[in-house]
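Heads up, upload.tsv below (TSV, C-alpha atoms and all ligand atoms):
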```tsv
chain	number	residue	atom	x	y	z
A	6	MET	CA	0.00	0.00	0.00
A	7	LYS	CA	1.19	3.48	-0.69
A	8	LYS	CA	2.12	5.31	2.50
A	9	ASP	CA	-0.73	7.65	1.89
A	10	LYS	CA	-2.01	9.83	4.71
A	11	SER	CA	-5.41	9.95	3.01
A	12	TYR	CA	-6.18	6.40	4.15
A	13	GLY	CA	-7.85	6.11	7.53
A	14	LEU	CA	-5.82	4.96	10.49
A	15	GLY	CA	-7.50	1.53	10.54
A	16	THR	CA	-6.57	0.94	6.91
A	17	ARG	CA	-3.04	2.10	7.58
A	18	ALA	CA	-2.84	-0.18	10.63
A	19	VAL	CA	-3.74	-3.18	8.48
A	20	HIS	CA	-1.80	-2.32	5.33
A	21	GLY	CA	0.70	0.47	6.04
A	22	GLY	CA	4.26	-0.41	5.09
A	23	VAL	CA	3.37	-3.96	4.13
A	24	GLU	CA	4.38	-5.21	0.70
A	25	PHE	CA	3.59	-8.77	-0.31
A	26	ASP	CA	6.78	-10.80	-0.12
A	27	PRO	CA	8.44	-10.42	-3.53
A	28	SER	CA	9.71	-13.99	-3.70
A	29	THR	CA	6.55	-15.89	-2.66
A	30	GLY	CA	3.66	-13.43	-2.52
A	31	ALA	CA	3.24	-14.15	1.21
A	32	VAL	CA	0.57	-11.75	2.48
A	33	MET	CA	2.15	-11.46	5.91
A	34	THR	CA	5.68	-10.06	6.19
A	35	PRO	CA	8.05	-13.01	6.64
A	36	ILE	CA	10.37	-13.15	9.64
A	37	TYR	CA	13.75	-12.71	8.00
A	38	GLN	CA	15.60	-14.43	10.82
A	39	THR	CA	19.03	-13.85	9.41
A	40	SER	CA	22.05	-11.85	10.51
A	41	THR	CA	23.67	-11.60	7.09
A	42	TYR	CA	22.98	-11.72	3.33
A	43	ALA	CA	24.85	-13.45	0.49
A	44	GLN	CA	26.59	-11.05	-1.90
A	45	GLU	CA	27.18	-11.98	-5.54
A	46	ALA	CA	30.56	-10.29	-5.41
A	47	PRO	CA	32.02	-7.96	-2.76
A	48	GLY	CA	29.66	-5.00	-2.55
A	49	VAL	CA	27.12	-6.50	-4.99
A	50	HIS	CA	23.94	-7.28	-3.06
A	51	LYS	CA	20.19	-6.77	-2.95
A	52	GLY	CA	20.28	-3.83	-0.51
A	53	PHE	CA	20.91	-5.91	2.58
A	54	GLU	CA	24.37	-6.58	3.99
A	55	TYR	CA	24.00	-7.16	7.71
A	56	SER	CA	20.90	-7.14	9.92
A	57	ARG	CA	22.12	-4.47	12.32
A	58	THR	CA	22.17	-2.14	9.30
A	59	ALA	CA	18.95	-3.32	7.66
A	60	ASN	CA	16.56	-6.25	7.82
A	61	PRO	CA	13.45	-6.67	5.64
A	62	THR	CA	11.11	-7.46	8.58
A	63	ARG	CA	12.39	-4.42	10.43
A	64	GLN	CA	12.04	-2.26	7.35
A	65	ALA	CA	8.38	-3.31	6.99
A	66	LEU	CA	7.79	-2.35	10.63
A	67	GLU	CA	9.54	0.98	10.16
A	68	ALA	CA	7.39	1.76	7.13
A	69	SER	CA	4.24	0.76	9.00
A	70	LEU	CA	5.10	3.00	11.97
A	71	ALA	CA	5.89	5.91	9.65
A	72	SER	CA	2.51	5.42	7.98
A	73	LEU	CA	0.68	5.36	11.32
A	74	GLU	CA	2.30	8.56	12.55
A	75	GLY	CA	1.95	10.33	9.21
A	76	GLY	CA	5.74	10.62	8.97
A	77	LYS	CA	8.18	9.83	6.20
A	78	PHE	CA	10.72	7.76	8.13
A	79	GLY	CA	10.50	5.17	10.89
A	80	ILE	CA	13.57	4.00	12.80
A	81	ALA	CA	13.01	0.99	15.04
A	82	PHE	CA	14.99	0.29	18.18
A	83	ALA	CA	15.29	-2.53	20.70
A	84	SER	CA	13.14	-0.75	23.30
A	85	GLY	CA	11.55	2.56	24.12
A	86	MET	CA	14.62	3.39	26.20
A	87	ALA	CA	16.92	2.42	23.32
A	88	SER	CA	15.02	4.93	21.16
A	89	ILE	CA	15.45	7.75	23.68
A	90	SER	CA	19.06	6.81	24.30
A	91	SER	CA	19.86	6.68	20.58
A	92	LEU	CA	18.28	10.09	20.07
A	93	THR	CA	20.30	11.50	22.97
A	94	GLN	CA	23.48	10.25	21.28
A	95	LEU	CA	22.92	12.87	18.58
A	96	PHE	CA	23.93	15.55	21.09
A	97	SER	CA	27.30	16.57	22.48
A	98	SER	CA	28.79	17.50	25.80
A	99	GLY	CA	27.52	20.93	26.86
A	100	ASP	CA	24.18	20.61	25.05
A	101	HIS	CA	21.08	21.22	27.12
A	102	ILE	CA	17.80	19.29	27.01
A	103	VAL	CA	14.51	20.53	28.49
A	104	CYS	CA	12.29	17.63	29.53
A	105	SER	CA	8.82	17.29	31.05
A	106	ASP	CA	9.19	16.84	34.80
A	107	ASP	CA	6.77	13.94	35.04
A	108	VAL	CA	8.18	11.35	32.62
A	109	TYR	CA	8.57	7.61	32.73
A	110	GLY	CA	11.08	6.81	35.50
A	111	GLY	CA	13.44	5.16	33.01
A	112	THR	CA	13.55	8.31	30.88
A	113	PHE	CA	14.48	10.40	33.90
A	114	ARG	CA	17.05	7.78	34.88
A	115	VAL	CA	18.85	7.55	31.54
A	116	PHE	CA	19.09	11.35	31.33
A	117	ASP	CA	20.03	11.93	34.95
A	118	LYS	CA	22.24	8.93	35.67
A	119	ILE	CA	23.89	8.25	32.30
A	120	TYR	CA	23.86	11.19	29.91
A	121	ARG	CA	24.59	13.78	32.60
A	122	ASN	CA	27.91	11.95	33.05
A	123	PHE	CA	28.69	12.67	29.39
A	124	GLY	CA	28.34	16.40	29.96
A	125	LEU	CA	24.77	16.84	28.73
A	126	LYS	CA	22.68	19.21	30.80
A	127	PHE	CA	19.00	18.69	31.66
A	128	SER	CA	16.15	20.77	33.04
A	129	PHE	CA	13.03	18.93	34.16
A	130	VAL	CA	10.12	21.34	34.14
A	131	ASP	CA	6.34	21.24	34.25
A	132	THR	CA	5.74	21.60	30.52
A	133	SER	CA	1.96	21.63	31.02
A	134	ASP	CA	2.51	25.36	31.52
A	135	VAL	CA	4.41	26.35	28.36
A	136	LYS	CA	5.75	29.45	30.14
A	137	ASN	CA	7.99	27.06	32.09
A	138	ILE	CA	9.46	25.83	28.80
A	139	GLU	CA	10.31	29.31	27.71
A	140	ALA	CA	11.90	30.06	31.08
A	141	ALA	CA	14.04	26.91	30.99
A	142	LEU	CA	15.58	27.51	27.56
A	143	THR	CA	19.25	28.50	27.40
A	144	PRO	CA	21.51	29.29	24.45
A	145	ASP	CA	22.71	25.65	24.73
A	146	THR	CA	19.24	24.09	24.54
A	147	LYS	CA	19.09	21.61	21.66
A	148	LEU	CA	16.07	19.44	22.46
A	149	LEU	CA	12.66	19.86	24.04
A	150	TRP	CA	11.41	16.45	25.15
A	151	LEU	CA	7.74	16.07	25.99
A	152	GLU	CA	5.48	13.36	27.25
A	153	SER	CA	1.81	14.18	26.87
A	154	PRO	CA	0.01	12.73	28.71
A	155	THR	CA	2.80	12.19	31.20
A	156	ASN	CA	3.55	8.98	33.01
A	157	PRO	CA	2.12	8.56	35.62
A	158	THR	CA	0.25	11.77	36.56
A	159	LEU	CA	-1.20	12.30	33.06
A	160	LYS	CA	-0.35	15.97	32.72
A	161	ILE	CA	-1.11	17.46	29.32
A	162	THR	CA	1.19	19.78	27.40
A	163	ASP	CA	-0.05	21.94	24.54
A	164	ILE	CA	2.18	20.34	21.89
A	165	ALA	CA	1.49	22.92	19.19
A	166	ALA	CA	2.29	25.81	21.55
A	167	ALA	CA	5.45	24.07	22.74
A	168	ALA	CA	6.49	23.36	19.13
A	169	LYS	CA	6.03	27.01	18.27
A	170	ILE	CA	8.37	28.06	21.07
A	171	ALA	CA	10.95	25.42	20.12
A	172	LYS	CA	10.77	26.23	16.41
A	173	SER	CA	11.19	29.96	16.97
A	174	ARG	CA	14.49	29.20	18.74
A	175	GLY	CA	15.69	26.49	16.33
A	176	ILE	CA	15.33	23.79	19.00
A	177	MET	CA	14.34	20.24	18.12
A	178	ILE	CA	11.09	19.03	19.69
A	179	GLY	CA	10.34	15.37	20.31
A	180	VAL	CA	7.20	13.85	21.79
A	181	ASP	CA	6.92	10.51	23.53
A	182	ASN	CA	3.51	9.43	22.21
A	183	THR	CA	3.45	6.08	24.00
A	184	PHE	CA	0.37	6.78	26.16
A	185	MET	CA	-1.78	7.95	23.25
A	186	SER	CA	-0.58	5.69	20.42
A	187	PRO	CA	-0.90	7.01	16.87
A	188	TYR	CA	-4.61	6.21	17.09
A	189	PHE	CA	-5.31	9.11	19.42
A	190	GLN	CA	-2.57	11.65	18.78
A	191	SER	CA	-0.35	12.75	15.88
A	192	PRO	CA	2.41	14.98	17.26
A	193	LEU	CA	4.04	15.50	13.85
A	194	ASP	CA	0.85	17.25	12.72
A	195	LEU	CA	1.12	19.46	15.81
A	196	GLY	CA	4.61	20.61	14.86
A	197	ALA	CA	6.89	18.05	16.52
A	198	ASP	CA	10.10	17.15	14.70
A	199	LEU	CA	9.94	13.58	15.87
A	200	VAL	CA	7.67	11.17	17.67
A	201	MET	CA	8.86	8.34	19.86
A	202	HIS	CA	7.10	5.20	21.03
A	203	SER	CA	7.73	2.44	23.41
A	204	THR	CA	6.17	-0.04	20.96
A	205	THR	CA	6.16	-2.45	23.89
A	206	LYS	CA	2.88	-0.79	24.82
A	207	TYR	CA	-0.24	-0.11	22.70
A	208	ILE	CA	1.49	-0.49	19.34
A	209	ALA	CA	2.49	-4.13	19.83
A	210	GLY	CA	-0.36	-4.40	22.30
A	211	HIS	CA	0.01	-7.92	23.68
A	212	SER	CA	2.72	-7.63	26.37
A	213	ASP	CA	4.87	-10.15	24.53
A	214	LEU	CA	7.88	-8.04	23.53
A	215	VAL	CA	9.93	-4.94	24.27
A	216	GLY	CA	10.50	-2.46	21.44
A	217	GLY	CA	10.73	1.18	20.47
A	218	ALA	CA	10.76	3.54	17.52
A	219	ILE	CA	11.22	7.10	16.37
A	220	ILE	CA	9.25	8.57	13.47
A	221	THR	CA	10.10	11.79	11.66
A	222	SER	CA	9.55	13.51	8.33
A	223	ASP	CA	12.91	15.30	8.51
A	224	ALA	CA	15.25	13.48	6.09
A	225	GLN	CA	18.42	14.82	7.73
A	226	LEU	CA	17.29	13.81	11.20
A	227	ALA	CA	16.26	10.37	9.90
A	228	GLU	CA	19.68	9.91	8.37
A	229	LYS	CA	21.37	10.80	11.65
A	230	LEU	CA	19.12	8.40	13.56
A	231	HIS	CA	19.77	5.61	11.06
A	232	PHE	CA	23.47	6.26	11.59
A	233	VAL	CA	23.14	5.88	15.37
A	234	GLN	CA	20.85	2.87	14.93
A	235	ASN	CA	23.58	1.12	12.93
A	236	ALA	CA	26.60	2.52	14.74
A	237	ALA	CA	25.38	2.05	18.32
A	238	GLY	CA	23.32	-0.99	17.38
A	239	ALA	CA	20.27	-1.01	19.70
A	240	VAL	CA	18.15	-2.77	17.08
A	241	PRO	CA	15.13	-5.05	17.50
A	242	GLY	CA	15.26	-8.63	16.27
A	243	PRO	CA	13.15	-9.80	13.30
A	244	MET	CA	10.81	-11.89	15.43
A	245	ASP	CA	9.93	-8.88	17.61
A	246	CYS	CA	9.44	-6.75	14.49
A	247	PHE	CA	7.04	-9.37	13.13
A	248	LEU	CA	5.08	-9.53	16.39
A	249	THR	CA	4.86	-5.73	16.45
A	250	LEU	CA	3.57	-5.68	12.88
A	251	ARG	CA	1.04	-8.31	13.81
A	252	GLY	CA	-0.10	-6.30	16.82
A	253	ILE	CA	-0.42	-3.11	14.78
A	254	LYS	CA	-3.09	-4.68	12.56
A	255	THR	CA	-5.64	-4.41	15.40
A	256	LEU	CA	-4.40	-1.16	16.95
A	257	HIS	CA	-7.56	0.78	16.04
A	258	LEU	CA	-9.89	-1.94	17.36
A	259	ARG	CA	-7.99	-2.30	20.61
A	260	MET	CA	-7.70	1.44	21.25
A	261	GLU	CA	-11.43	1.97	20.88
A	262	ARG	CA	-12.17	-0.74	23.41
A	263	HIS	CA	-9.38	0.34	25.78
A	264	GLU	CA	-10.79	3.85	25.82
A	265	ARG	CA	-14.42	2.85	26.21
A	266	ASN	CA	-13.52	0.68	29.20
A	267	ALA	CA	-11.43	3.51	30.68
A	268	GLY	CA	-14.35	5.95	30.50
A	269	LYS	CA	-16.50	3.54	32.52
A	270	ILE	CA	-13.77	2.95	35.06
A	271	PHE	CA	-13.30	6.69	35.51
A	272	GLU	CA	-17.02	6.98	36.35
A	273	PHE	CA	-16.65	4.13	38.85
A	274	LEU	CA	-13.61	5.72	40.54
A	275	LYS	CA	-15.42	9.04	40.77
A	276	SER	CA	-18.11	7.37	42.84
A	277	ARG	CA	-15.68	5.99	45.45
A	278	LYS	CA	-15.24	8.01	48.64
A	279	THR	CA	-11.81	6.49	49.35
A	280	VAL	CA	-10.43	7.95	46.12
A	281	LYS	CA	-8.82	11.26	47.06
A	282	LYS	CA	-7.82	12.29	43.55
A	283	ILE	CA	-8.19	10.94	40.01
A	284	TYR	CA	-5.75	11.65	37.17
A	285	TYR	CA	-7.43	11.12	33.79
A	286	PRO	CA	-7.42	13.54	30.82
A	287	GLY	CA	-11.02	12.54	30.05
A	288	ASP	CA	-12.11	14.09	33.34
A	289	PRO	CA	-13.75	17.44	32.48
A	290	ASN	CA	-12.09	18.83	35.63
A	291	HIS	CA	-8.60	17.73	34.53
A	292	PRO	CA	-6.59	20.94	33.99
A	293	GLY	CA	-5.45	19.70	30.56
A	294	HIS	CA	-8.86	18.42	29.42
A	295	ASP	CA	-9.53	21.16	26.89
A	296	ILE	CA	-6.04	20.99	25.40
A	297	GLN	CA	-6.37	17.23	25.17
A	298	LYS	CA	-9.68	17.62	23.32
A	299	LYS	CA	-8.04	20.06	20.94
A	300	GLN	CA	-4.87	18.13	20.18
A	301	ALA	CA	-5.91	14.48	20.48
A	302	ARG	CA	-8.72	12.26	19.23
A	303	GLY	CA	-9.40	10.66	22.59
A	304	PHE	CA	-8.30	10.32	26.18
A	305	GLY	CA	-6.56	6.96	26.14
A	306	ALA	CA	-6.86	4.28	28.76
A	307	MET	CA	-4.42	5.20	31.50
A	308	ILE	CA	-5.93	6.32	34.80
A	309	SER	CA	-4.13	7.06	38.03
A	310	PHE	CA	-5.74	7.67	41.40
A	311	ASP	CA	-4.80	8.23	44.99
A	312	VAL	CA	-6.13	6.29	47.98
A	313	GLU	CA	-3.91	8.18	50.46
A	314	THR	CA	-1.98	5.38	52.17
A	315	LEU	CA	0.31	2.53	51.16
A	316	ASP	CA	-1.70	0.18	53.32
A	317	ARG	CA	-4.87	0.95	51.39
A	318	ALA	CA	-3.08	0.72	48.06
A	319	ASN	CA	-1.64	-2.68	48.97
A	320	LYS	CA	-4.96	-4.01	50.24
A	321	LEU	CA	-6.79	-2.85	47.13
A	322	MET	CA	-4.24	-4.21	44.69
A	323	SER	CA	-3.79	-7.58	46.30
A	324	ARG	CA	-7.53	-8.32	46.32
A	325	LEU	CA	-7.91	-8.08	42.53
A	326	GLU	CA	-8.35	-11.10	40.30
A	327	ILE	CA	-8.36	-9.67	36.78
A	328	PHE	CA	-6.09	-6.63	37.11
A	329	THR	CA	-2.56	-7.98	37.36
A	330	ILE	CA	-0.01	-6.20	39.55
A	331	ALA	CA	2.70	-5.51	36.98
A	332	GLU	CA	4.81	-2.79	35.39
A	333	SER	CA	4.12	-1.74	31.80
A	334	LEU	CA	0.88	-0.79	30.08
A	335	GLY	CA	-0.94	-0.83	26.80
A	336	GLY	CA	-1.45	-4.57	26.49
A	337	VAL	CA	-4.83	-6.23	26.05
A	338	GLU	CA	-4.87	-7.21	29.74
A	339	SER	CA	-5.60	-4.78	32.54
A	340	LEU	CA	-2.66	-3.96	34.80
A	341	ILE	CA	-2.38	-2.15	38.09
A	342	GLU	CA	0.81	-0.82	39.63
A	343	HIS	CA	2.29	1.33	42.35
A	344	PRO	CA	4.62	3.88	40.68
A	345	ALA	CA	6.51	4.92	43.85
A	346	ILE	CA	7.62	1.32	44.43
A	347	MET	CA	7.60	0.05	40.85
A	348	THR	CA	7.90	2.10	37.61
A	349	HIS	CA	9.07	5.37	39.17
A	350	ALA	CA	11.28	4.08	41.99
A	351	SER	CA	14.26	5.67	40.19
A	352	VAL	CA	12.72	9.14	40.58
A	353	PRO	CA	14.04	10.74	43.82
A	354	PRO	CA	11.42	10.73	46.61
A	355	GLU	CA	11.39	14.55	46.79
A	356	ASN	CA	10.61	14.78	43.05
A	357	ARG	CA	7.88	12.16	43.41
A	358	ALA	CA	6.38	14.07	46.33
A	359	ALA	CA	6.35	17.30	44.31
A	360	LEU	CA	4.56	15.52	41.46
A	361	GLY	CA	1.96	13.96	43.75
A	362	ILE	CA	3.23	10.38	43.31
A	363	THR	CA	2.46	9.47	46.90
A	364	ASP	CA	2.41	6.11	48.67
A	365	GLY	CA	-1.31	5.90	47.96
A	366	PHE	CA	-0.88	6.63	44.25
A	367	ILE	CA	-2.01	3.79	41.95
A	368	ARG	CA	-1.83	3.57	38.15
A	369	LEU	CA	-4.19	1.54	35.97
A	370	SER	CA	-3.66	0.39	32.41
A	371	ILE	CA	-7.17	-0.51	31.32
A	372	GLY	CA	-7.32	-3.54	29.07
A	373	VAL	CA	-9.92	-4.79	26.62
A	374	GLU	CA	-11.70	-7.29	28.87
A	375	ASP	CA	-15.46	-7.17	29.48
A	376	ILE	CA	-16.16	-3.98	31.38
A	377	ASP	CA	-18.58	-5.60	33.85
A	378	ASP	CA	-15.85	-7.99	34.94
A	379	LEU	CA	-13.34	-5.17	35.36
A	380	LEU	CA	-15.79	-3.12	37.43
A	381	GLU	CA	-16.61	-6.12	39.60
A	382	ASP	CA	-12.90	-6.70	40.11
A	383	LEU	CA	-12.32	-3.10	41.23
A	384	GLU	CA	-15.37	-3.30	43.46
A	385	ARG	CA	-13.70	-6.30	45.11
A	386	GLY	CA	-10.53	-4.26	45.61
A	387	PHE	CA	-12.35	-1.31	47.11
A	388	GLU	CA	-14.24	-3.57	49.51
A	389	ALA	CA	-10.85	-4.40	51.01
A	390	ILE	CA	-10.32	-0.77	52.02
B	401	LIG	O1	10.11	-0.14	28.37
B	401	LIG	P1	10.59	0.49	27.11
B	401	LIG	O2	10.04	-0.15	25.89
B	401	LIG	O3	12.07	0.65	27.08
B	401	LIG	O4	9.96	1.97	27.06
B	401	LIG	C1	10.30	2.97	27.98
B	401	LIG	C2	9.16	3.94	28.10
B	401	LIG	C3	9.23	5.14	27.43
B	401	LIG	N1	8.24	6.06	27.49
B	401	LIG	C4	7.13	5.81	28.21
B	401	LIG	C5	6.05	6.84	28.24
B	401	LIG	C6	6.98	4.61	28.91
B	401	LIG	O5	5.85	4.42	29.59
B	401	LIG	C7	8.03	3.65	28.87
B	401	LIG	C8	7.96	2.38	29.63
B	401	LIG	N2	7.03	2.40	30.69
B	401	LIG	C9	6.81	1.38	31.55
B	401	LIG	C10	7.45	0.21	31.53
B	401	LIG	C11	5.81	1.67	32.58
B	401	LIG	O6	5.31	0.74	33.26
B	401	LIG	O7	5.45	2.84	32.73
```

So, in terms of structure tokens, how does the structure I just supplied come out?
Ligand code: P1T
Amino acid sequence: MKKDKSYGLGTRAVHGGVEFDPSTGAVMTPIYQTSTYAQEAPGVHKGFEYSRTANPTRQALEASLASLEGGKFGIAFASGMASISSLTQLFSSGDHIVCSDDVYGGTFRVFDKIYRNFGLKFSFVDTSDVKNIEAALTPDTKLLWLESPTNPTLKITDIAAAAKIAKSRGIMIGVDNTFMSPYFQSPLDLGADLVMHSTTKYIAGHSDLVGGAIITSDAQLAEKLHFVQNAAGAVPGPMDCFLTLRGIKTLHLRMERHERNAGKIFEFLKSRKTVKKIYYPGDPNHPGHDIQKKQARGFGAMISFDVETLDRANKLMSRLEIFTIAESLGGVESLIEHPAIMTHASVPPENRAALGITDGFIRLSIGVEDIDDLLEDLERGFEAI
């Protein structure tokens, strides 16, 4: 299929980037489980030399991801973190990066604990108020890195407004679109230079692999990222690329169901007295609700809430039968987790406290199960507290 933005997202999910296998006509992209490729004579080959550099299954995935995000180039990596890390390797000692303050704990960790040691400088600011972005910029700022919604407090940043600020200063802007998936949000259309995904999550969708990708329409940037992809080598294997492609084919169906279930669960949580605070962009009282409505096509299926104490959080979580206590998100199954102990343990306690990630703070990734069963499960959990 032509990588044509005029096709709907569902059609692009099913067909985007996929060419029938030229040698057999296989409808599904084969798993080219090979590290190397025979050459007729030194330097005479069919475009593939070594699978770190290029692999047909990976190329199909990269084309599919580019199609989904409405970008020209997809560059796949071994994980979401490998994507962020590879991007960061484009910068040099002394460069400054402005990053949303509430990001996935691993993103904070790789910036703070690894790339700081290489002389990169970071400012973590609340980008949901774009004035804070402006205030954090320095003459050395090279990248503005946003998550919207953020993980785990689901803060919303006005991506178009942030892009305008970055563009006016010649600063690159990247958006981690993991929580929304390309189904709900298209940051490139809002002015971002690049979009990143942990494809581990909604894109692959079945909690059976770890992967990542960056999508851009900027040919120069894509070339630089391809260089890092090959030179540093954090590439995904063909089997994982195949599984991701397979997952993508139902992205639109899954996202609709994820979101519908999340809306019902939000209503349920609202009715519970023991819930002190709910974090969900679909909540009309969420401070970023209107921006979310303007810049995205839905609210996603991540909800966080606060039950005030660790004891309550533990009691609630351990009583559940369908929600599994586990890190990660975006798979078909519902997950529940405790960010302070689990996904965001690498964020210093004082930062967590400032963000509201308390000991009673719980994060849900709402799956695609039957909603009545999910509600009954939560009811069971709340009975315990
Ligand atoms: O796990 P990995 O594929 O390396 O992706 C890292 C990552 C990047 N960005 C966001 C927004 C993420 O949520 C993640 C991974 N997050 C979890 C594992 C989690 O439970 O939040």

task = Would you mind listing the residues within 7 Å of ligand LIG 401 (chain B), counting only C-alpha atoms and all ligand atoms, as a PyMOL selection string?
result = chain A and resi 84-87+108-109+111-112+152+155-156+181+183-184+202-205+215-217+332-334+348

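For the pair CA of Pro344 in chain A and CA of Val280 in chain A, the separation is 16.5 Å.
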
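CA of Gly268 in chain A to CA of Ala358 in chain A spans 27.3 Å [interatomic distance, one decimal].
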
message = So, with only C-alpha atoms as the atoms that count, which of A:Gly305, A:Gly79, A:Gly13, A:Pro157 lies closest to Glu261 in chain A?
response =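 Result for the nearest residue to Glu261 in chain A: A:Gly305.
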
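Relative to CA of Val312 in chain A, CA of Glu355 in chain A is found at 19.4 Å.
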
ask   = Which is closer to Ala71 in chain A than all the others in A:Ile220, A:Val135, A:Ala209, A:Ile178, using all atoms listed in the file?
value = A:Ile220

ask   = If we count all atoms listed in the file, what is near Ala83 in chain A at a cut-off of 12 Å, once residues fewer than 3 positions away on the same chain are taken out, given as a PyMOL selection string?
value = chain A and resi 57+63+80+86-91+202-205+214-219+234-235+237-246+249

note = Judged by all atoms listed in the file, the minimum distance to Thr279 in chain A among A:Pro61, A:Gly196, A:Gly365, A:Pro354 is found for A:Gly365

List as a PDB file with C-alpha atoms, in the frame of the given file the protein and nucleic acid residues near Thr314 in chain A, meaning an atom at most 12 Å away when all atoms listed in the file are counted, but skip any in the same chain fewer than 3 places from it.
```pdb
ATOM      1  CA  THR A 279     -11.810   6.490  49.350  1.00  0.00           C
ATOM      2  CA  VAL A 280     -10.430   7.950  46.120  1.00  0.00           C
ATOM      3  CA  LYS A 281      -8.820  11.260  47.060  1.00  0.00           C
ATOM      4  CA  PHE A 310      -5.740   7.670  41.400  1.00  0.00           C
ATOM      5  CA  ASP A 311      -4.800   8.230  44.990  1.00  0.00           C
ATOM      6  CA  ARG A 317      -4.870   0.950  51.390  1.00  0.00           C
ATOM      7  CA  ALA A 318      -3.080   0.720  48.060  1.00  0.00           C
ATOM      8  CA  ASN A 319      -1.640  -2.680  48.970  1.00  0.00           C
ATOM      9  CA  LYS A 320      -4.960  -4.010  50.240  1.00  0.00           C
ATOM     10  CA  LEU A 321      -6.790  -2.850  47.130  1.00  0.00           C
ATOM     11  CA  HIS A 343       2.290   1.330  42.350  1.00  0.00           C
ATOM     12  CA  ALA A 345       6.510   4.920  43.850  1.00  0.00           C
ATOM     13  CA  ILE A 362       3.230  10.380  43.310  1.00  0.00           C
ATOM     14  CA  THR A 363       2.460   9.470  46.900  1.00  0.00           C
ATOM     15  CA  ASP A 364       2.410   6.110  48.670  1.00  0.00           C
ATOM     16  CA  GLY A 365      -1.310   5.900  47.960  1.00  0.00           C
ATOM     17  CA  PHE A 366      -0.880   6.630  44.250  1.00  0.00           C
ATOM     18  CA  ILE A 367      -2.010   3.790  41.950  1.00  0.00           C
ATOM     19  CA  ILE A 390     -10.320  -0.770  52.020  1.00  0.00           C
TER      20      ILE A 390
END
```

query = Closest to Asp213 in chain A among A:Glu338, A:Ala43, A:Pro286, A:Asp145, using only C-alpha atoms?
reply =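 Selected residue with least distance to Asp213 in chain A: A:Glu338.
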
Residue nearest Leu199 in chain A - candidates A:Asn137, A:Ser212, A:Thr221, A:Ser186, atoms counted: only C-alpha atoms =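 The closest residue to Leu199 in chain A is A:Thr221.
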